[in-house]
Amino acid sequence: MNIHEYQAKNLLRQYGIPVPEGAVTKSAAKAKKIALKLGGDIFAVKAQIHAGGRGKAGGIQIARTPDEVQSKAAEMLKKKLVTYQTGPEGKKVRKILIEKGEKIKKEYYLGVVIDRSKEKISVIASTEGGVDIEEVAKKSPEKIFVEYLDPLWGIPDYKARKISKFLGIDATDIIKNLVRMFIEKDCSLCEINPLALTEDGKILALDAKINFDDNALFRHKDIQKLYDPYEDDPRDVKARKVGISYVGLDGDIGCLVNGAGLAMATMDEILLAGGKPANFLDVGGGASLEQVRSAFSILMSDKRVKVVFVNIFGGIMRCDTVANALVQVAKELKKKIPIVVRLEGTNYDLGMKIIQESGMDNISTASSIREGAELAVMKSKDFSIKPKRGRKRKEERI
Amino acid sequence: MAILVGKDTKVIIQGITGRNGSFHAKLSKEYGTKVVAGITPGKAGQNVDGIPVFDSCEDVVREFGKIDATCIFVPAKFAPDSIIEAADSGIKLIVVITEGIPTIDFIKAKEYAKSKGSIIIGPNCPGVITPEACRIGIMPGYIFKRGSVGVVSRSGTLTYEAVWQMTRLGIGQSTCVGIGGDPVVGTTFVEVLDMFEKDPETKMVVLIGEIGGTAEQEAAEFIKKMTKPVVAFVAGRTAPAGKRMGHAGAIIMGSSGRWDDKVKALSDAGATIAESPSEIGIKVKELADRRQISL
C-alpha cells in the first residue's frame with residue numbers, strides 16, 4: 001500500500017525525523033491561510049498524488065507570498081497532473097501540501113528497503129539527493145553506500161554512524177529512527193529524497209515516500225486508515241472490495257483466470273496473438289459461482305472490454321463446476337458480450353460439453369491458451385461497441 | 001528418490017482441521033503419501049479421514065518418531081510460529097502453503113529454521129510432488145506422471161499448465177517444486193536447480209519464473225554451470241511497472257524485476273526460452289529430441 005507525502009511526513013514526525021513545517025488542505029483559500037500562519041517569504045506548494053514525477057509535471061511549485069500560494073494551489077486543484085506514472089489520462093489533484101520554504105545547502109538520499117535476494121533490510125544512502133537514485137547507482141556507484149541489516153536486530157549504532165560518516169552529516173539518529181519505523185510499521189520501502197542540509201544547519205526530510213507490506217496491514221489499524229481509494233484505478237478498488245485480485249490495464253480483452261501466474265501468462269498470450277488485455281484478474285482457487293459472478297461484474301463495468309477470455313486450469317476444482325457457474329453468470333448478463341472459454345484439467349470435457357450445450361451463442365470454446373487468445377483477439381476486432389450519440393462515455397466512479 | 005520427497009517420506013499436516021488442511025490431507029493420503037498425523041492445537045484425539053490429530057509437533061514425534069516433512073496450512077498470522085515449532089521438532093523439510101505472511105516475519109522464521117538445519121519451501125506455494133510417490137501441498141495429483149523432467153516454479157496454476165502439456169506428450173516429471181510467489185522465499189530457484197543437477201533421476205529442467213525481483217537472473221548464473229538442459233518460461237511480459245500482479249513478489253519496482261531482463265539473462269545462460277505459455281511442453285520435447293535425451 002502507498003500513502004501520500006503528507007501522510008509519510010506525519011509518520012516521520014512521529015518517529016522524531018525532522019520535516020519542514022506545513023499543512024495539507026483541499027482548498028486554495030485555506031492554502032493561503034496556512035501560508036500566513038507559517039510566515040516567511042518562501043513556500044512550497046505540493047500536489048498530493050501517489051504517482052512519481054510530480055516535479056516535472058508542475059505538481060511542485062515555489063511561491064513567494066501567501067497570495068501566490070493561493071493562486072498556485074487553485075491552479076493545481078483545477079487540473080489533472082500527467083506524469084510518467086499516471087498514464088496519459090493524468091491524476092486529479094485533490095489535496096495540496098503547503099510547506100515553509102527552506103534555504104538548502106546540500107541534498108542527500110536515504111532509503112530503506114527489503115533486499116529480496118539478500119533477505120535482509122538494506123539501508124541505501126547517497127551524497128546525491130533529489131535525483132533518481134537508480135540513475136546515480138548507474139552513473140556514479142561510488143556515491144552510494146549500502147548497509148544490510150538483520151530484521152531481528154534492526155540497526156546497531158555503529159552501522160548508523162558509518163552511514164552518517166559516509167554522508168558527511170550528523171544523521172545517525174535519523175537513520176536509526178527510520179529503520180525503527182520501517183520495522184515497527186512493516187514497511188516495504190521508505191525513501192527520503194532529498195534529505196536536506198539547510199543553510200542554517202538543520203537536517204530535514206524534504207520529500208518522503210513510504211510503501212507498506214500489504215501482508216502485514218492486519219496488525220496496523222492506524223496505517224489501514226491512510227488508504228486513499230481515489231489514488232487507485234476505480235476498477236481495482238471495486239475488485240479489492242469483493243476480494244478478487246485485479247489490476248486494470250488499457251486493452252479491450254477482459255481476462256478471467258485462476259492463479260496469478262496463469263493470469264499473467266494469459267495476458268502475455270493475448271499480446272502474442274496481436275491483442276491487448278484489459279486487465280489482470282485472478283479469480284482464486286475455487287472459482288465458485290459467487291467468485292465468477294463478482295469477477296464478471298468487474299469486467300463488465302469496464303467499458304473498454306469488448307470480449308472476455310476465460311482461462312481456467314481445473315486442478316482440484318472441477319471444470320464442470322466452473323462451466324456451470326459461467327453459463328449461469330453469462331445468462332444473467334445484460335449485455336451479450338462475446339466470451340471465449342478455455343478449460344483444462346479435471347473434467348474439462350464435461351465442462352466443455354456444458355458450455356457447448358448451453359445454447360449461448362455468444363460463448364465459444366478453445367482448446368489451448370493460444371487458440372483462446374487468438375479467438376478473443378479476432379472477436380475483439382470485429383465486434384466494436386459504438387458509443388451512443390449525445391451520451392458521453394464516462395469511467396465508472398465509485 | 002528424485003529430490004526432496006519420495007515414497008518413504010513421513011509427512012504431517014499443520015492446520016489439518018481447517019478447510020484446506022483437511023481436504024488436502026485426504027488427497028495426499030489417497031495419492032499414496034505417508035501422512036502419519038496432523039496438528040491443530042487443542043484438537044488432539046480427533047481424526048481427519050483416519051489421520052490422527054495432535055496438539056503439537058512434539059507430541060507427534062513422541063508417538064511416531066522422526067518426521068521428515070510437514071505441510072503448513074495455518075493462517076498467515078500464526079504460520080511463522082508453526083515454522084518455528086516444526087524446526088524445533090527436528091523436521092527438516094517445511095512446506096508452507098499459507099499466503100500472506102508479512103515479509104519481515106518470514107525472514108525471521110527462515111533464519112531460525114536455517115539455524116536448526118531445516119529448509120522451507122514456500123510460502124505462498126502449491127507444494128512439492130514426486131509423481132506417483134509423494135504429494136505435499138495442493139497440486140492436482142492426476143496431471144503428473146513419473147519421469148525425468150524436474151520442474152521448479154514461482155506459480156501454481158502455471159506449473160499445472162506446463163506439467164499437463166508434458167504429461168499429454170508422454171513426458172513425465174521427477175519432482176515438481178513450487179517455490180512460491182512471495183518476495184522472499186524459503187528455497188530459491190538456484191537451490192532447487194542445484195538439487196536437480198545432482199539428482200540422477202532428473203535429465204532436464206523446466207523453470208517457470210515471473211516478473212519481480214531478480215531470482216531468474218540468479219538462476220541464469222547457475223544455469224551457465226549446469227550440465228542438464230533447461231527450458232524456461234517467464235510470465236508477465238505485459239505486466240505494468242509498479243503494480244502487484246496477484247503474487248506479493250510479482251512487482252516491477254523502478255527498473256528492477258522486468259520481464260525482458262529476465263528472459264535475456266536466461267537466454268544468454270543457455271536456457272531454451274518458451275515465448276508462449278502454450279509451448280512449454282513442446283519446447284521440452286524438441287530440446288530432448290535435439291539433444292537425444294530419452295525422457
# chains A, B, ... in the order shown; residues from 1 in each chain; ligands from 1
call {"tool": "interface_residues", "arguments": {"of": "chain A", "to": "chain B", "cutoff": "6 Å", "atoms": "only C-alpha atoms", "output": "PyMOL selection string"}}
result
chain A and resi 116+215-216+245+259-262+264-265+268+315-316
call {"tool": "select_by_dssp", "arguments": {"residues": "segment 23-267 of chain A", "states": "alpha helix (DSSP H)", "output": "VMD selection string"}}
result
chain A and resid 28 to 38 66 to 78 133 to 139 157 to 167 172 to 184 221 to 224 234 to 242 260 to 267
call {"tool": "closest_residue", "arguments": {"among": "B:Gly90, B:Gly21, B:Gly137, B:Gly178", "to": "Val192 of chain B", "atoms": "only C-alpha atoms"}}
result
B:Gly178
call {"tool": "residues_around", "arguments": {"residues": "Gly251 of chain A", "least_positions_apart": "4", "cutoff": "6 Å", "atoms": "only C-alpha atoms", "output": "PyMOL selection string"}}
result
chain A and resi 276-278
call {"tool": "write_last_selection", "arguments": {"atoms": "N, CA and C atoms", "output": "mmCIF file, in the first residue's frame"}}
result
data_model
loop_
_atom_site.group_PDB
_atom_site.id
_atom_site.type_symbol
_atom_site.label_atom_id
_atom_site.label_comp_id
_atom_site.auth_asym_id
_atom_site.auth_seq_id
_atom_site.Cartn_x
_atom_site.Cartn_y
_atom_site.Cartn_z
ATOM 1 N N LYS A 276 -4.686 -6.706 -26.933
ATOM 2 C CA LYS A 276 -4.263 -6.075 -25.681
ATOM 3 C C LYS A 276 -5.196 -6.445 -24.546
ATOM 4 N N PRO A 277 -4.657 -6.951 -23.442
ATOM 5 C CA PRO A 277 -5.513 -7.310 -22.321
ATOM 6 C C PRO A 277 -6.051 -6.078 -21.598
ATOM 7 N N ALA A 278 -7.302 -6.177 -21.119
ATOM 8 C CA ALA A 278 -7.907 -5.069 -20.383
ATOM 9 C C ALA A 278 -7.555 -5.135 -18.910
#
call {"tool": "atom_distance", "arguments": {"atom1": "atom CA of Ile282 of chain B", "atom2": "atom CA of Lys198 of chain B"}}
result
24.9 Å
call {"tool": "closest_residue", "arguments": {"among": "B:Met166, B:Val128, B:Ile94, B:Val231", "to": "Lys114 of chain B", "atoms": "only C-alpha atoms"}}
result
B:Ile94
call {"tool": "residues_around", "arguments": {"residues": "segment 180-188 of chain A", "least_positions_apart": "3", "cutoff": "6 Å", "atoms": "only C-alpha atoms", "output": "PyMOL selection string"}}
result
chain A and resi 113+177+211-213
call {"tool": "write_last_selection", "arguments": {"atoms": "N, CA, C and O atoms", "output": "CSV table (one decimal), in the first residue's frame"}}
result
chain,number,residue,atom,x,y,z
A,113,VAL,N,14.8,-0.4,2.4
A,113,VAL,CA,14.0,-1.3,1.5
A,113,VAL,C,14.4,-2.8,1.9
A,113,VAL,O,15.4,-3.0,2.5
A,177,ASN,N,16.1,6.1,13.6
A,177,ASN,CA,14.7,6.2,13.7
A,177,ASN,C,13.9,5.7,12.4
A,177,ASN,O,12.9,5.1,12.5
A,211,ASN,N,6.0,2.9,1.3
A,211,ASN,CA,5.1,1.8,1.0
A,211,ASN,C,5.1,0.8,2.1
A,211,ASN,O,6.1,0.6,2.8
A,212,PHE,N,3.9,0.1,2.3
A,212,PHE,CA,3.8,-0.9,3.3
A,212,PHE,C,3.6,-2.2,2.7
A,212,PHE,O,3.0,-2.4,1.7
A,213,ASP,N,4.0,-3.2,3.5
A,213,ASP,CA,3.8,-4.6,3.2
A,213,ASP,C,2.3,-4.9,3.4
A,213,ASP,O,1.8,-4.9,4.5
call {"tool": "select_by_dssp", "arguments": {"residues": "segment 180-274 of chain B", "states": "strand (DSSP E or B)", "output": "list in words"}}
result
Met204, Val205, Val206, Leu207, Ile208, Gly209, Glu210, Val230, Val231, Ala232, Phe233, Val234, Ala235, Met253, Ser256, Thr272 and Ile273 of chain B
call {"tool": "atom_distance", "arguments": {"atom1": "atom CA of Lys103 of chain A", "atom2": "atom CA of Ile169 of chain A"}}
result
16.7 Å
